[in-house]
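run06.csv follows (CSV, C-alpha atoms and all ligand atoms):
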chain,number,residue,atom,x,y,z
A,1,MET,CA,0.3,4.6,49.8
A,2,ASN,CA,0.3,8.2,50.9
A,3,THR,CA,-0.2,9.1,54.6
A,4,THR,CA,-3.6,10.7,54.0
A,5,PHE,CA,-5.0,7.4,52.5
A,6,LYS,CA,-3.3,5.4,55.2
A,7,ASP,CA,-4.8,7.5,57.9
A,8,LYS,CA,-8.2,7.3,56.3
A,9,ILE,CA,-8.0,3.5,56.3
A,10,ALA,CA,-6.6,3.4,59.9
A,11,ARG,CA,-9.5,5.4,61.3
A,12,ALA,CA,-12.3,3.9,59.2
A,13,PRO,CA,-14.9,2.0,61.3
A,14,LYS,CA,-14.4,-1.7,60.4
A,15,THR,CA,-15.3,-5.3,61.1
A,16,GLU,CA,-13.1,-8.2,61.9
A,17,LEU,CA,-14.7,-11.5,60.9
A,18,HIS,CA,-11.8,-13.9,61.0
A,19,ILE,CA,-9.8,-13.8,64.2
A,20,HIS,CA,-8.9,-16.9,66.3
A,21,ILE,CA,-8.8,-15.5,69.8
A,22,GLU,CA,-6.0,-18.0,70.8
A,23,GLY,CA,-4.1,-16.5,67.8
A,24,SER,CA,-4.1,-13.1,69.5
A,25,LEU,CA,-2.0,-14.4,72.4
A,26,GLU,CA,1.2,-12.3,72.3
A,27,PRO,CA,4.5,-14.0,73.3
A,28,GLY,CA,4.8,-11.7,76.4
A,29,LEU,CA,1.4,-12.8,77.7
A,30,ILE,CA,2.1,-16.5,76.9
A,31,PHE,CA,5.2,-16.3,79.2
A,32,ALA,CA,3.4,-14.4,81.9
A,33,LEU,CA,0.5,-17.0,82.0
A,34,ALA,CA,3.0,-19.9,81.8
A,35,GLN,CA,4.7,-18.5,84.9
A,36,ARG,CA,1.5,-17.9,86.7
A,37,ASN,CA,0.1,-21.3,86.0
A,38,GLY,CA,3.3,-23.3,86.4
A,39,VAL,CA,3.3,-24.5,82.8
A,40,THR,CA,6.7,-25.3,81.2
A,41,LEU,CA,7.1,-24.2,77.6
A,42,PRO,CA,9.5,-25.7,75.2
A,43,TYR,CA,11.0,-22.2,74.7
A,44,ALA,CA,13.5,-20.5,77.0
A,45,SER,CA,12.4,-16.9,76.5
A,46,VAL,CA,10.0,-14.6,74.8
A,47,ASP,CA,12.7,-14.0,72.2
A,48,ALA,CA,13.2,-17.7,71.6
A,49,LEU,CA,9.5,-18.2,71.2
A,50,HIS,CA,9.3,-15.3,68.8
A,51,ALA,CA,12.2,-16.7,66.8
A,52,ALA,CA,10.2,-19.9,66.3
A,53,TYR,CA,7.6,-18.0,64.3
A,54,ALA,CA,9.3,-18.9,61.0
A,55,PHE,CA,6.5,-20.9,59.4
A,56,THR,CA,6.7,-23.0,56.2
A,57,ASP,CA,3.0,-24.0,56.0
A,58,LEU,CA,-0.2,-24.2,58.0
A,59,GLN,CA,0.9,-27.2,60.0
A,60,SER,CA,4.2,-25.7,61.1
A,61,PHE,CA,2.2,-22.8,62.5
A,62,LEU,CA,-0.5,-24.9,64.2
A,63,ASP,CA,2.2,-26.9,66.1
A,64,ILE,CA,3.4,-23.6,67.8
A,65,TYR,CA,-0.1,-22.1,68.1
A,66,TYR,CA,-1.3,-25.1,70.1
A,67,ALA,CA,1.9,-25.0,72.3
A,68,GLY,CA,1.1,-21.3,72.9
A,69,ALA,CA,-2.5,-22.0,73.9
A,70,SER,CA,-1.3,-24.6,76.4
A,71,VAL,CA,-0.8,-21.9,79.0
A,72,LEU,CA,-4.5,-21.0,79.2
A,73,LEU,CA,-6.1,-22.7,82.2
A,74,THR,CA,-8.4,-20.4,84.2
A,75,GLU,CA,-11.4,-18.2,83.4
A,76,GLU,CA,-9.2,-15.2,84.2
A,77,ASP,CA,-6.6,-16.4,81.6
A,78,PHE,CA,-9.3,-16.4,78.9
A,79,TYR,CA,-10.6,-13.0,80.1
A,80,GLU,CA,-7.1,-11.4,79.9
A,81,MET,CA,-6.3,-12.8,76.5
A,82,THR,CA,-9.6,-11.5,75.1
A,83,ALA,CA,-9.3,-8.1,76.9
A,84,ALA,CA,-5.9,-7.6,75.3
A,85,TYR,CA,-7.4,-8.3,71.9
A,86,VAL,CA,-10.2,-5.9,72.6
A,87,GLU,CA,-7.6,-3.1,73.2
A,88,ARG,CA,-5.9,-3.8,69.9
A,89,ALA,CA,-9.2,-4.0,68.0
A,90,LEU,CA,-10.3,-0.7,69.4
A,91,GLU,CA,-7.0,0.9,68.4
A,92,ASP,CA,-7.6,-0.2,64.9
A,93,HIS,CA,-11.2,1.2,64.9
A,94,VAL,CA,-12.9,-2.2,64.8
A,95,VAL,CA,-16.5,-1.6,65.7
A,96,HIS,CA,-17.8,-5.1,65.3
A,97,THR,CA,-15.8,-8.4,65.7
A,98,GLU,CA,-16.6,-12.1,65.4
A,99,LEU,CA,-14.2,-14.3,67.3
A,100,PHE,CA,-13.4,-17.9,66.7
A,101,PHE,CA,-12.4,-20.1,69.6
A,102,ASP,CA,-11.2,-23.7,69.7
A,103,PRO,CA,-12.7,-25.5,72.7
A,104,GLN,CA,-11.1,-28.9,71.9
A,105,THR,CA,-7.6,-27.3,72.3
A,106,HIS,CA,-8.6,-26.6,75.9
A,107,THR,CA,-11.0,-29.5,76.9
A,108,ALA,CA,-8.3,-32.0,75.8
A,109,ARG,CA,-6.1,-30.4,78.6
A,110,GLY,CA,-8.9,-30.7,81.2
A,111,VAL,CA,-10.2,-27.1,81.0
A,112,SER,CA,-14.0,-27.1,80.9
A,113,ILE,CA,-15.7,-25.4,78.0
A,114,GLU,CA,-17.6,-23.2,80.5
A,115,THR,CA,-14.3,-21.8,81.8
A,116,VAL,CA,-13.3,-20.9,78.2
A,117,VAL,CA,-16.5,-19.3,77.2
A,118,ASP,CA,-17.2,-17.5,80.5
A,119,GLY,CA,-13.8,-15.8,80.4
A,120,ILE,CA,-14.1,-14.7,76.7
A,121,GLU,CA,-17.7,-13.6,77.2
A,122,ARG,CA,-16.8,-11.4,80.3
A,123,ALA,CA,-14.2,-9.5,78.2
A,124,LEU,CA,-16.6,-9.1,75.3
A,125,ASP,CA,-19.4,-7.9,77.6
A,126,ASP,CA,-17.0,-5.2,79.0
A,127,ALA,CA,-16.1,-4.2,75.4
A,128,GLU,CA,-19.8,-3.6,74.5
A,129,GLY,CA,-19.6,-0.5,76.8
A,130,ARG,CA,-16.6,0.8,74.8
A,131,GLY,CA,-18.2,0.7,71.4
A,132,LEU,CA,-17.1,-2.8,70.3
A,133,SER,CA,-20.0,-5.2,69.5
A,134,SER,CA,-19.1,-8.9,69.0
A,135,ARG,CA,-20.2,-12.4,68.3
A,136,LEU,CA,-18.5,-15.7,69.2
A,137,ILE,CA,-18.1,-18.7,66.9
A,138,LEU,CA,-17.2,-22.2,68.2
A,139,CYS,CA,-14.7,-23.9,65.8
A,140,PHE,CA,-14.3,-27.7,65.5
A,141,LEU,CA,-10.7,-28.9,64.9
A,142,ARG,CA,-10.9,-30.7,61.6
A,143,HIS,CA,-7.8,-33.0,62.4
A,144,LEU,CA,-9.9,-34.6,65.1
A,145,SER,CA,-12.9,-37.0,64.4
A,146,GLU,CA,-16.4,-35.9,63.7
A,147,ASP,CA,-17.4,-37.9,66.8
A,148,ASP,CA,-15.2,-35.6,68.9
A,149,ALA,CA,-16.8,-32.6,67.2
A,150,LEU,CA,-20.3,-34.0,68.0
A,151,ALA,CA,-19.3,-34.5,71.7
A,152,THR,CA,-18.0,-31.0,71.8
A,153,PHE,CA,-21.2,-29.6,70.3
A,154,ASP,CA,-23.3,-31.5,72.9
A,155,ALA,CA,-21.1,-30.2,75.7
A,156,ALA,CA,-21.6,-26.6,74.4
A,157,LEU,CA,-25.4,-26.8,74.2
A,158,PRO,CA,-25.9,-25.1,77.6
A,159,LEU,CA,-23.6,-22.3,76.5
A,160,PHE,CA,-25.5,-21.7,73.3
A,161,LYS,CA,-28.6,-21.3,75.6
A,162,ARG,CA,-26.7,-19.1,78.2
A,163,TYR,CA,-25.2,-16.7,75.7
A,164,PRO,CA,-27.6,-16.6,72.7
A,165,HIS,CA,-26.7,-12.9,72.0
A,166,ARG,CA,-23.0,-13.9,71.7
A,167,LEU,CA,-22.4,-17.5,70.8
A,168,ILE,CA,-24.2,-17.6,67.5
A,169,GLY,CA,-22.4,-20.1,65.2
A,170,VAL,CA,-19.9,-22.9,64.5
A,171,GLY,CA,-16.9,-23.1,62.3
A,172,LEU,CA,-14.2,-25.5,61.1
A,173,ASP,CA,-10.4,-24.8,61.4
A,174,SER,CA,-7.0,-26.5,61.9
A,175,SER,CA,-5.2,-28.7,59.3
A,176,GLU,CA,-7.2,-28.5,56.1
A,177,LEU,CA,-5.5,-30.9,53.7
A,178,GLY,CA,-6.9,-34.4,54.1
A,179,HIS,CA,-9.8,-33.2,56.3
A,180,PRO,CA,-12.4,-32.1,53.8
A,181,PRO,CA,-15.6,-30.2,55.0
A,182,SER,CA,-17.8,-33.3,54.2
A,183,LYS,CA,-16.1,-35.1,57.2
A,184,PHE,CA,-18.2,-32.8,59.4
A,185,ALA,CA,-21.6,-33.1,57.6
A,186,ARG,CA,-23.5,-34.5,60.6
A,187,VAL,CA,-22.4,-31.9,63.2
A,188,PHE,CA,-23.1,-29.1,60.8
A,189,ASP,CA,-26.6,-30.6,60.1
A,190,LYS,CA,-27.2,-30.4,63.9
A,191,ALA,CA,-26.0,-26.8,64.2
A,192,ARG,CA,-28.0,-25.8,61.1
A,193,ALA,CA,-31.2,-27.4,62.6
A,194,MET,CA,-30.6,-25.2,65.7
A,195,GLY,CA,-30.6,-22.1,63.6
A,196,LEU,CA,-26.9,-21.4,64.2
A,197,LYS,CA,-24.7,-19.5,61.7
A,198,LEU,CA,-22.2,-21.7,59.8
A,199,VAL,CA,-18.7,-20.9,58.5
A,200,ALA,CA,-15.7,-23.1,57.5
A,201,HIS,CA,-12.1,-22.6,56.6
A,202,ALA,CA,-11.8,-23.8,52.9
A,203,GLY,CA,-9.5,-23.0,50.1
A,204,GLU,CA,-6.7,-21.8,52.3
A,205,GLU,CA,-4.3,-24.7,51.5
A,206,GLY,CA,-7.1,-27.0,50.2
A,207,PRO,CA,-8.4,-27.1,46.7
A,208,PRO,CA,-11.6,-25.5,45.2
A,209,ALA,CA,-13.3,-28.9,45.7
A,210,TYR,CA,-13.2,-28.1,49.5
A,211,VAL,CA,-14.9,-24.8,48.9
A,212,TYR,CA,-17.7,-26.5,47.0
A,213,GLU,CA,-18.1,-29.0,49.8
A,214,ALA,CA,-18.3,-26.2,52.4
A,215,LEU,CA,-21.1,-24.6,50.2
A,216,ASP,CA,-23.0,-27.7,49.2
A,217,VAL,CA,-22.5,-30.1,52.0
A,218,LEU,CA,-22.1,-27.9,55.1
A,219,LYS,CA,-24.2,-25.1,53.5
A,220,VAL,CA,-22.1,-22.4,55.1
A,221,ASP,CA,-23.0,-18.7,55.4
A,222,ARG,CA,-19.4,-17.6,54.9
A,223,ILE,CA,-16.1,-19.1,53.6
A,224,ASP,CA,-13.0,-18.4,55.7
A,225,HIS,CA,-10.0,-17.7,53.4
A,226,GLY,CA,-11.3,-19.2,50.1
A,227,VAL,CA,-8.3,-17.7,48.3
A,228,ARG,CA,-7.7,-20.8,46.2
A,229,SER,CA,-11.2,-20.4,44.7
A,230,ILE,CA,-9.5,-18.4,41.9
A,231,GLU,CA,-8.3,-21.7,40.4
A,232,ASP,CA,-11.9,-22.5,39.3
A,233,ALA,CA,-13.6,-19.8,37.2
A,234,ALA,CA,-17.1,-21.3,37.7
A,235,LEU,CA,-16.6,-21.3,41.4
A,236,VAL,CA,-15.5,-17.6,41.4
A,237,GLU,CA,-18.6,-16.8,39.3
A,238,ARG,CA,-20.8,-18.6,41.8
A,239,LEU,CA,-19.2,-16.9,44.9
A,240,ALA,CA,-19.8,-13.5,43.2
A,241,ARG,CA,-23.4,-14.4,42.1
A,242,GLU,CA,-24.3,-15.6,45.6
A,243,ARG,CA,-22.4,-12.7,47.3
A,244,MET,CA,-20.8,-15.4,49.5
A,245,PRO,CA,-18.5,-13.6,51.9
A,246,LEU,CA,-14.8,-14.6,51.9
A,247,THR,CA,-12.9,-13.7,55.1
A,248,VAL,CA,-9.5,-13.2,53.6
A,249,CYS,CA,-6.4,-12.9,55.8
A,250,PRO,CA,-3.5,-11.6,53.6
A,251,LEU,CA,-0.6,-11.5,56.2
A,252,SER,CA,-1.6,-15.0,57.3
A,253,ASN,CA,-1.5,-16.3,53.7
A,254,LEU,CA,2.0,-14.6,53.3
A,255,LYS,CA,3.4,-16.0,56.6
A,256,LEU,CA,2.1,-19.5,55.9
A,257,ARG,CA,3.4,-19.4,52.3
A,258,VAL,CA,0.1,-19.7,50.6
A,259,PHE,CA,1.7,-17.0,48.5
A,260,ASP,CA,5.4,-16.3,48.3
A,261,ASP,CA,4.8,-12.6,47.8
A,262,LEU,CA,1.8,-10.5,48.7
A,263,LYS,CA,1.9,-9.2,45.2
A,264,GLN,CA,0.7,-12.7,44.1
A,265,HIS,CA,-2.3,-12.6,46.4
A,266,THR,CA,-5.6,-13.3,44.7
A,267,LEU,CA,-7.6,-10.8,46.8
A,268,LYS,CA,-7.8,-8.1,44.1
A,269,ARG,CA,-8.7,-10.6,41.4
A,270,LEU,CA,-11.5,-12.0,43.6
A,271,LEU,CA,-12.7,-8.5,44.4
A,272,ASP,CA,-12.7,-7.5,40.7
A,273,ALA,CA,-14.7,-10.6,39.9
A,274,GLY,CA,-17.4,-9.5,42.2
A,275,ALA,CA,-16.7,-11.7,45.2
A,276,ALA,CA,-17.6,-10.3,48.7
A,277,VAL,CA,-14.0,-10.1,50.0
A,278,THR,CA,-13.2,-8.9,53.5
A,279,ILE,CA,-9.8,-8.3,55.2
A,280,ASN,CA,-9.0,-9.8,58.6
A,281,SER,CA,-6.0,-10.8,60.8
A,282,ASP,CA,-6.5,-14.5,61.5
A,283,ASP,CA,-3.9,-14.9,64.2
A,284,PRO,CA,-2.4,-11.5,64.6
A,285,ALA,CA,0.1,-12.3,67.3
A,286,TYR,CA,1.7,-14.9,65.0
A,287,PHE,CA,1.5,-13.3,61.6
A,288,GLY,CA,3.0,-9.8,62.2
A,289,GLY,CA,-0.1,-7.6,62.4
A,290,TYR,CA,-3.6,-6.8,63.4
A,291,VAL,CA,-6.3,-5.8,61.0
A,292,ASN,CA,-5.1,-2.4,60.1
A,293,ASP,CA,-1.6,-3.8,59.2
A,294,ASN,CA,-3.4,-6.3,56.9
A,295,PHE,CA,-5.2,-3.4,55.2
A,296,PHE,CA,-1.9,-1.4,54.8
A,297,ALA,CA,0.1,-4.4,53.4
A,298,THR,CA,-2.6,-5.4,51.0
A,299,VAL,CA,-3.2,-1.9,49.7
A,300,ASP,CA,0.6,-1.5,49.1
A,301,ALA,CA,1.1,-4.8,47.5
A,302,LEU,CA,-2.0,-4.9,45.3
A,303,GLY,CA,-2.5,-1.2,44.7
A,304,LEU,CA,-6.1,-1.2,46.0
A,305,SER,CA,-8.0,2.1,45.2
A,306,ASP,CA,-10.1,4.2,47.5
A,307,ALA,CA,-13.2,2.6,46.0
A,308,ASP,CA,-11.7,-0.9,46.5
A,309,VAL,CA,-11.0,-0.3,50.2
A,310,HIS,CA,-14.5,1.1,50.7
A,311,ALA,CA,-16.0,-2.0,49.0
A,312,VAL,CA,-14.0,-4.3,51.3
A,313,LEU,CA,-15.0,-2.4,54.4
A,314,ARG,CA,-18.6,-2.4,53.3
A,315,ASN,CA,-18.4,-6.2,52.6
A,316,GLY,CA,-17.4,-6.7,56.2
A,317,PHE,CA,-20.5,-5.0,57.5
A,318,GLU,CA,-22.7,-6.8,55.0
A,319,ALA,CA,-21.2,-10.2,56.0
A,320,ALA,CA,-21.5,-9.6,59.8
A,321,PHE,CA,-23.9,-11.8,61.7
A,322,VAL,CA,-26.0,-8.9,63.1
A,323,GLY,CA,-29.6,-7.8,62.7
A,324,ALA,CA,-30.7,-5.5,59.9
A,325,ALA,CA,-31.0,-2.4,62.1
A,326,GLN,CA,-27.4,-2.7,63.4
A,327,ARG,CA,-26.1,-3.5,60.0
A,328,ASP,CA,-27.8,-0.5,58.4
A,329,ALA,CA,-26.5,1.8,61.2
A,330,MET,CA,-23.0,0.5,60.8
A,331,ILE,CA,-23.0,0.9,57.1
A,332,ALA,CA,-24.4,4.4,57.3
A,333,ARG,CA,-21.6,5.3,59.7
A,334,LEU,CA,-18.9,3.8,57.4
A,335,ASP,CA,-20.3,5.6,54.4
A,336,ALA,CA,-20.6,9.0,56.2
A,337,TYR,CA,-17.0,8.6,57.4
A,338,TRP,CA,-15.6,7.5,54.1
A,339,HIS,CA,-17.2,10.3,52.0
A,340,ALA,CA,-16.3,13.0,54.6
A,341,ALA,CA,-12.7,11.8,55.1
B,1,LIG,N1,-6.2,-22.0,59.4
B,1,LIG,C1,-6.7,-23.1,59.9
B,1,LIG,N2,-6.8,-23.2,61.2
B,1,LIG,C2,-6.4,-22.2,62.0
B,1,LIG,C3,-5.9,-21.1,61.5
B,1,LIG,C4,-5.8,-20.9,60.1
B,1,LIG,O1,-5.4,-19.9,59.5
B,1,LIG,N3,-5.6,-20.3,62.5
B,1,LIG,C5,-5.9,-20.9,63.6
B,1,LIG,N4,-6.4,-22.1,63.3
B,2,ZN,ZN,-8.3,-18.8,60.4
Would you mind writing the file's structure down as structure tokens?
Amino acid sequence: MNTTFKDKIARAPKTELHIHIEGSLEPGLIFALAQRNGVTLPYASVDALHAAYAFTDLQSFLDIYYAGASVLLTEEDFYEMTAAYVERALEDHVVHTELFFDPQTHTARGVSIETVVDGIERALDDAEGRGLSSRLILCFLRHLSEDDALATFDAALPLFKRYPHRLIGVGLDSSELGHPPSKFARVFDKARAMGLKLVAHAGEEGPPAYVYEALDVLKVDRIDHGVRSIEDAALVERLARERMPLTVCPLSNLKLRVFDDLKQHTLKRLLDAGAAVTINSDDPAYFGGYVNDNFFATVDALGLSDADVHAVLRNGFEAAFVGAAQRDAMIARLDAYWHAA
């Protein structure tokens, strides 16, 4: 990729629709918070922690990701973590972001869900004044029971009321294999009845059947990852026909060995088939890059054209959970930038 194209991508207004806020926690901040909170980590130093980031699959990552999140105790901790992500997002010209958070990772350690959401919300509210709009999506951990998810949802009800402008949906993350979307049918029914937006990780490590379940049982508005959909031609055709957004995270897929080489990534084939593909960072502190790094690596590996990148950026705005006026304004801003640059 030449430097002109790289700069055009870097400075383009963009969305980020698949970022786990706990996955933005950099090793330096993990150690600083551990020290402040008196939490003992099973790693001697920042370098030792970083050296452990040699993942073989999703589970090998999740084990370290949950250890990293164990340093988060106070509202200020959640604020600082989110404020640090806001800085990186602004550097990458993200103008709208939708963050996932995992309340069960924290409530299991005795941290209240209010502490978690109040801290994240305070940083996102500050970011509004700096040109970054945002939404927050509560994710259920799929390796836990649906009863645990239902209890978490009930505990979060006051927060959906307190922050209706921000906390607008629910999602499903953590260990995919063996935990199909249908396991969470009842809690997604409750969320849908409340008018919340619905997303689910599906087809990251799991088969196309899990993508069908996310669509047909959970009735999601977006699929997170979805890269294994390519194995089922009828599914790809349906995703394209329904313009079902896929929040793809190329460096995550590379680091978790969904693909051995980025050149094997299915993003370009999905895009060419008409799927509404977007590019996102997933867990940027763990996977070697924020959203712009994901764009650069993907463009290099798959040879995406100017028109491909524009389509991906546009898909992000179309898939965002915002009102029509904000969507139209953001797309107009992207198009004006793209055609002038
Ligand atoms: N997949 C599933 N669960 C997750 C991920 C992911 O990529 N990141 C954080 N939790
Ligand atoms: Zn994810």
Mind listing whatever residues come within 10 Å of the point (-2.0, -13.8, 54.7)? Use only C-alpha atoms, file coordinates, and give them as a PyMOL selection string. chain A and resi 204+225+227+248-259+261-262+265+279-283+287-288+294+297-298
In Å to one decimal, how far is CA of Gly203 in chain A from CA of Ile223 in chain A?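 About the pair CA of Ile223 in chain A and CA of Gly203 in chain A: they are 8.4 Å apart.
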I'd like the contact shell of range 179-188 of chain A - 9 Å cut-off, all atoms listed in the file, skipping same-chain residues fewer than 3 positions apart - returned as JSON, numbers by chain. {"A": [140, 142, 143, 144, 145, 146, 147, 149, 150, 153, 170, 171, 172, 175, 176, 191, 192, 193, 198, 200, 201, 202, 206, 209, 210, 211, 213, 214, 217, 218, 219, 220]}
I'd like the interatomic distance between CA of Leu267 in chain A and atom C1 of ligand LIG 1 (chain B), to a tenth of an Å.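 Interatomic distance, CA of Leu267 in chain A to atom C1 of ligand LIG 1 (chain B): 18.0 Å.
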Atomic separation - CA of Gly274 in chain A relative to CA of Phe5 in chain A, Å: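 These atoms are spaced 23.4 Å apart.
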